[in-house]
$ cat entry-v2.cif   # mmCIF, C-alpha atoms
data_run
loop_
_atom_site.label_atom_id
_atom_site.label_comp_id
_atom_site.auth_asym_id
_atom_site.auth_seq_id
_atom_site.Cartn_x
_atom_site.Cartn_y
_atom_site.Cartn_z
CA ILE Z 1 69.08 182.88 281.71
CA ARG Z 2 65.55 181.42 281.76
CA VAL Z 3 66.12 179.68 278.45
CA LEU Z 4 69.42 178.23 279.67
CA ALA Z 5 67.79 177.11 282.92
CA SER Z 6 64.95 175.47 280.96
CA VAL Z 7 67.43 173.63 278.74
CA VAL Z 8 69.39 172.40 281.76
CA VAL Z 9 66.22 171.22 283.52
CA ALA Z 10 65.00 169.47 280.37
CA ALA Z 11 68.38 167.79 279.90
CA LEU Z 12 68.46 166.61 283.51
CA LEU Z 13 64.91 165.31 283.26
CA GLY Z 14 65.80 163.45 280.08
CA LEU Z 15 68.87 161.99 281.73
CA LEU Z 16 66.81 160.90 284.73
CA VAL Z 17 64.21 159.18 282.53
CA TRP Z 18 66.93 157.47 280.49
CA ASP Z 19 68.74 156.30 283.62
CA MET Z 20 65.56 154.95 285.18
CA ALA Z 21 64.67 153.05 282.03
CA HIS Z 22 68.15 151.63 281.59
CA SER Z 23 69.01 150.81 285.18
CA SER Z 24 65.65 149.47 286.35
CA GLY Z 25 65.81 146.28 284.39
CA GLY Z 26 68.71 146.24 281.96
CA LYS Z 27 70.13 143.04 283.42
CA ILE Z 28 68.79 140.84 280.62
CA ALA Z 29 71.67 141.50 278.22
CA ARG Z 30 74.25 141.03 280.98
CA GLU Z 31 72.70 137.78 282.18
CA VAL Z 32 72.26 136.37 278.68
CA ASP Z 33 75.86 137.31 277.87
CA LYS Z 34 76.88 135.18 280.88
CA GLY Z 35 75.01 132.21 279.35
CA GLN Z 36 71.89 132.48 281.50
CA ILE Z 37 68.29 132.10 280.36
CA VAL Z 38 65.97 134.81 281.70
CA LYS Z 39 62.29 135.66 281.43
CA ALA Z 40 61.52 138.19 278.70
CA PRO Z 41 59.71 141.30 279.90
CA ALA Z 42 56.10 141.58 278.78
CA PHE Z 43 55.25 144.40 276.43
CA SER Z 44 52.39 145.73 274.35
CA LEU Z 45 53.56 148.28 271.81
CA PRO Z 46 52.08 149.99 268.76
CA ARG Z 47 52.90 148.52 265.39
CA VAL Z 48 55.07 150.70 263.19
CA THR Z 49 52.87 149.94 260.18
CA GLY Z 50 49.17 149.34 260.47
CA GLN Z 51 46.92 149.77 263.44
CA GLY Z 52 46.85 148.30 266.88
CA LYS Z 53 49.40 146.93 269.25
CA LEU Z 54 51.46 143.79 269.32
CA THR Z 55 52.12 141.96 272.57
CA LEU Z 56 54.98 139.60 273.23
CA ALA Z 57 52.45 137.26 274.85
CA SER Z 58 50.67 136.90 271.48
CA LEU Z 59 53.81 135.23 270.11
CA ARG Z 60 54.10 132.64 272.91
CA GLY Z 61 54.68 129.17 271.49
CA LYS Z 62 57.00 130.49 268.78
CA VAL Z 63 60.64 131.44 268.81
CA VAL Z 64 61.00 135.21 268.49
CA VAL Z 65 64.04 136.86 266.95
CA LEU Z 66 63.85 140.34 268.48
CA ASN Z 67 65.94 142.93 266.66
CA PHE Z 68 66.33 146.46 268.05
CA TRP Z 69 66.90 149.00 265.29
CA ALA Z 70 66.61 152.66 264.31
CA SER Z 71 66.13 154.22 260.90
CA ASP Z 72 69.27 156.36 261.19
CA CYS Z 73 71.48 153.43 262.24
CA VAL Z 74 73.98 152.57 259.47
CA PRO Z 75 74.74 149.03 260.77
CA CYS Z 76 70.97 148.40 260.95
CA LYS Z 77 70.71 149.20 257.25
CA GLN Z 78 73.70 146.95 256.53
CA GLU Z 79 72.18 143.95 258.31
CA GLN Z 80 68.59 144.36 257.13
CA ALA Z 81 68.95 142.29 253.95
CA GLU Z 82 70.29 139.36 255.99
CA LEU Z 83 67.49 139.67 258.54
CA ASN Z 84 64.97 139.59 255.69
CA LYS Z 85 66.61 136.47 254.23
CA ALA Z 86 66.70 134.75 257.62
CA ALA Z 87 63.04 135.62 258.27
CA ASP Z 88 62.15 134.01 254.92
CA ARG Z 89 64.38 131.01 255.61
CA TRP Z 90 62.74 130.34 258.99
CA ALA Z 91 59.15 131.18 258.01
CA GLY Z 92 56.73 128.36 258.72
CA LYS Z 93 59.15 126.68 261.15
CA GLY Z 94 57.80 128.13 264.39
CA VAL Z 95 60.03 131.22 264.22
CA VAL Z 96 58.94 134.84 263.92
CA PHE Z 97 61.06 137.93 263.50
CA LEU Z 98 60.07 141.09 265.33
CA GLY Z 99 61.69 144.47 264.92
CA MET Z 100 61.70 147.02 267.72
CA ASP Z 101 62.22 150.57 266.52
CA GLU Z 102 63.74 152.78 269.18
CA ILE Z 103 62.78 156.31 270.12
CA GLU Z 104 61.93 158.00 266.83
CA VAL Z 105 59.15 159.45 264.73
CA ARG Z 106 56.91 156.73 263.33
CA SER Z 107 57.07 158.08 259.76
CA PHE Z 108 60.88 157.62 259.71
CA ALA Z 109 60.44 154.01 260.82
CA GLN Z 110 57.75 153.41 258.19
CA LYS Z 111 60.00 154.78 255.45
CA TYR Z 112 62.86 152.56 256.65
CA MET Z 113 60.65 149.47 256.56
CA GLN Z 114 59.47 150.31 253.06
CA ARG Z 115 62.92 151.15 251.70
CA TYR Z 116 64.56 148.02 253.15
CA HIS Z 117 61.62 145.71 252.37
CA VAL Z 118 60.96 144.64 255.95
CA ALA Z 119 58.03 142.23 255.71
CA TYR Z 120 57.96 141.07 259.33
CA PRO Z 121 56.30 143.21 262.02
CA SER Z 122 58.01 145.99 263.92
CA VAL Z 123 56.81 147.80 267.00
CA ALA Z 124 57.65 151.27 268.25
CA ASP Z 125 59.47 151.56 271.58
CA GLY Z 126 58.77 155.28 271.68
CA ASP Z 127 60.32 156.03 275.06
CA GLY Z 128 63.03 153.37 274.97
CA SER Z 129 61.70 151.65 278.09
CA ILE Z 130 61.68 148.15 276.59
CA ALA Z 131 65.18 148.64 275.19
CA GLY Z 132 66.19 149.73 278.68
CA ARG Z 133 64.67 146.64 280.26
CA PHE Z 134 66.60 144.46 277.83
CA GLY Z 135 69.81 146.41 278.48
CA VAL Z 136 70.23 147.55 274.89
CA THR Z 137 73.19 149.89 274.59
CA GLY Z 138 72.97 150.63 270.88
CA THR Z 139 71.49 149.48 267.62
CA PRO Z 140 71.36 146.99 266.15
CA GLU Z 141 71.06 144.37 268.87
CA THR Z 142 69.34 141.02 268.54
CA PHE Z 143 67.87 138.72 271.20
CA PHE Z 144 66.32 135.25 270.92
CA ILE Z 145 63.18 134.39 272.88
CA ASP Z 146 62.18 130.75 273.19
CA ARG Z 147 58.65 129.34 272.97
CA LYS Z 148 58.23 129.72 276.73
CA GLY Z 149 58.95 133.45 276.68
CA ARG Z 150 62.54 133.29 277.92
CA VAL Z 151 65.53 135.13 276.47
CA VAL Z 152 68.25 132.64 275.60
CA PRO Z 153 71.88 133.14 274.55
CA PRO Z 154 73.35 134.42 272.35
CA HIS Z 155 72.77 138.16 272.42
CA ILE Z 156 74.10 139.70 269.22
CA ILE Z 157 75.57 143.18 269.40
CA SER Z 158 75.99 144.97 266.06
CA ILE Z 159 75.41 143.33 262.69
CA ALA Z 160 73.96 139.82 262.94
CA LYS Z 161 75.78 137.33 260.75
CA PRO Z 162 73.75 134.50 259.13
CA SER Z 163 75.53 131.80 261.14
CA ALA Z 164 74.90 133.64 264.44
CA LEU Z 165 71.22 134.12 263.60
CA ASP Z 166 70.79 130.45 262.73
CA ALA Z 167 72.67 129.32 265.86
CA GLY Z 168 70.54 131.57 268.08
CA ILE Z 169 67.33 130.31 266.51
CA ARG Z 170 68.39 126.68 266.85
CA ARG Z 171 69.29 127.26 270.51
CA ALA Z 172 65.90 128.88 271.18
CA LEU Z 173 64.10 126.03 269.42
CA SER Z 174 65.94 123.46 271.54
CA THR Z 175 64.96 124.89 274.94
#

$ encode --input "entry-v2.cif" --output "C-alpha cells"
Amino acid sequence: IRVLASVVVAALLGLLVWDMAHSSGGKIAREVDKGQIVKAPAFSLPRVTGQGKLTLASLRGKVVVLNFWASDCVPCKQEQAELNKAADRWAGKGVVFLGMDEIEVRSFAQKYMQRYHVAYPSVADGDGSIAGRFGVTGTPETFFIDRKGRVVPPHIISIAKPSALDAGIRRALST
C-alpha cells in the first residue's frame, strides 16, 4: 500500500509540475497560430554538447529558428537532414538555428546530435519549462524569433518542410 501511495503521489506531483509549466505561459503557440507576434521568453539553458549555458539574449540581432526535439522522436529524426541543410543554406545571413532538447538524459541527446550530424547548437530543457512557456504540445515543433526577440508566425507543428522553413525565416527577417 505504501508503494502504491508513493507512486500515486509522485504521479500527481509530476502532473502538477507539468500543468504549471504548460498552463503558466503556453499562450505563445496559440497567439502565433492566430498570426500575432509575441515576445519570446528569456532563457538560459545548458548546452547539450560542450560546457556552459546559452541564453536567448546572446542571439539578439539575429533571426533564430528554434526547433524543439527529442532523441526518441521519429519525426524529429525524419526532419533533421532538412534542418541541417537549411542551417547551412542560411548560415552567414543573420540566421541561426537552435535546437531545444526536451526532458531527457543529456547522453541520449548527445548521441542524437552526433548520429544526425547536428552542427548547430542545442540546449537542454531538462524540466520542459521552456517548452511549456512556448506551448509546445509535441516534438518536433519549430518557432521563428526575429532580431528583436519576438516570436513571429508561422509556428510549424511536426516535420518542417523546406518551403515552410524558408518562408518563416524570410518573415522573421522582414520584421

$ resolve_selection --input "entry-v2.cif" --expression "the PyMOL selection byres ((chain Z and resi 108) around 12)" --output "number ranges by chain"
Z: 48-49, 69-73, 101-107, 109-115, 124

$ atom_distance --input "entry-v2.cif" --atom1 "CA of Gln80 (chain Z)" --atom2 "CA of Ala119 (chain Z)"
10.9 Å

$ atom_distance --input "entry-v2.cif" --atom1 "CA of Arg171 (chain Z)" --atom2 "CA of Pro153 (chain Z)"
7.6 Å

$ atom_distance --input "entry-v2.cif" --atom1 "CA of Ala86 (chain Z)" --atom2 "CA of Gly168 (chain Z)"
11.6 Å

$ resolve_selection --input "entry-v2.cif" --expression "the PyMOL selection byres ((chain Z and resi 127-142) around 7)" --output "short mmCIF file (atom, residue, chain, number, x, y, z; two decimals) with C-alpha atoms, in the coordinates of the input"
data_model
loop_
_atom_site.label_atom_id
_atom_site.label_comp_id
_atom_site.auth_asym_id
_atom_site.auth_seq_id
_atom_site.Cartn_x
_atom_site.Cartn_y
_atom_site.Cartn_z
CA ALA Z 21 64.67 153.05 282.03
CA HIS Z 22 68.15 151.63 281.59
CA SER Z 24 65.65 149.47 286.35
CA GLY Z 25 65.81 146.28 284.39
CA GLY Z 26 68.71 146.24 281.96
CA LYS Z 27 70.13 143.04 283.42
CA ILE Z 28 68.79 140.84 280.62
CA ALA Z 29 71.67 141.50 278.22
CA VAL Z 65 64.04 136.86 266.95
CA LEU Z 66 63.85 140.34 268.48
CA ASN Z 67 65.94 142.93 266.66
CA PHE Z 68 66.33 146.46 268.05
CA TRP Z 69 66.90 149.00 265.29
CA ALA Z 70 66.61 152.66 264.31
CA CYS Z 73 71.48 153.43 262.24
CA PRO Z 75 74.74 149.03 260.77
CA CYS Z 76 70.97 148.40 260.95
CA GLU Z 102 63.74 152.78 269.18
CA ILE Z 103 62.78 156.31 270.12
CA ASP Z 125 59.47 151.56 271.58
CA GLY Z 126 58.77 155.28 271.68
CA PHE Z 143 67.87 138.72 271.20
CA PHE Z 144 66.32 135.25 270.92
CA HIS Z 155 72.77 138.16 272.42
CA ILE Z 156 74.10 139.70 269.22
CA ILE Z 157 75.57 143.18 269.40
CA SER Z 158 75.99 144.97 266.06
CA ILE Z 159 75.41 143.33 262.69
#

$ resolve_selection --input "entry-v2.cif" --expression "the PyMOL selection byres ((chain Z and resi 54-58) around 10)" --output "MDAnalysis selection string"
chainID Z and resid 40:48 51:53 59:62 64 98 121:124 145 148:149

$ write_last_selection --input "entry-v2.cif" --atoms "C-alpha atoms" --output "compact mmCIF listing (two decimals), in the frame of the given file"
# COMPACT_ATOMS: atom_id res chain seq x y z
CA ALA Z 40 61.52 138.19 278.70
CA PRO Z 41 59.71 141.30 279.90
CA ALA Z 42 56.10 141.58 278.78
CA PHE Z 43 55.25 144.40 276.43
CA SER Z 44 52.39 145.73 274.35
CA LEU Z 45 53.56 148.28 271.81
CA PRO Z 46 52.08 149.99 268.76
CA ARG Z 47 52.90 148.52 265.39
CA VAL Z 48 55.07 150.70 263.19
CA GLN Z 51 46.92 149.77 263.44
CA GLY Z 52 46.85 148.30 266.88
CA LYS Z 53 49.40 146.93 269.25
CA LEU Z 59 53.81 135.23 270.11
CA ARG Z 60 54.10 132.64 272.91
CA GLY Z 61 54.68 129.17 271.49
CA LYS Z 62 57.00 130.49 268.78
CA VAL Z 64 61.00 135.21 268.49
CA LEU Z 98 60.07 141.09 265.33
CA PRO Z 121 56.30 143.21 262.02
CA SER Z 122 58.01 145.99 263.92
CA VAL Z 123 56.81 147.80 267.00
CA ALA Z 124 57.65 151.27 268.25
CA ILE Z 145 63.18 134.39 272.88
CA LYS Z 148 58.23 129.72 276.73
CA GLY Z 149 58.95 133.45 276.68
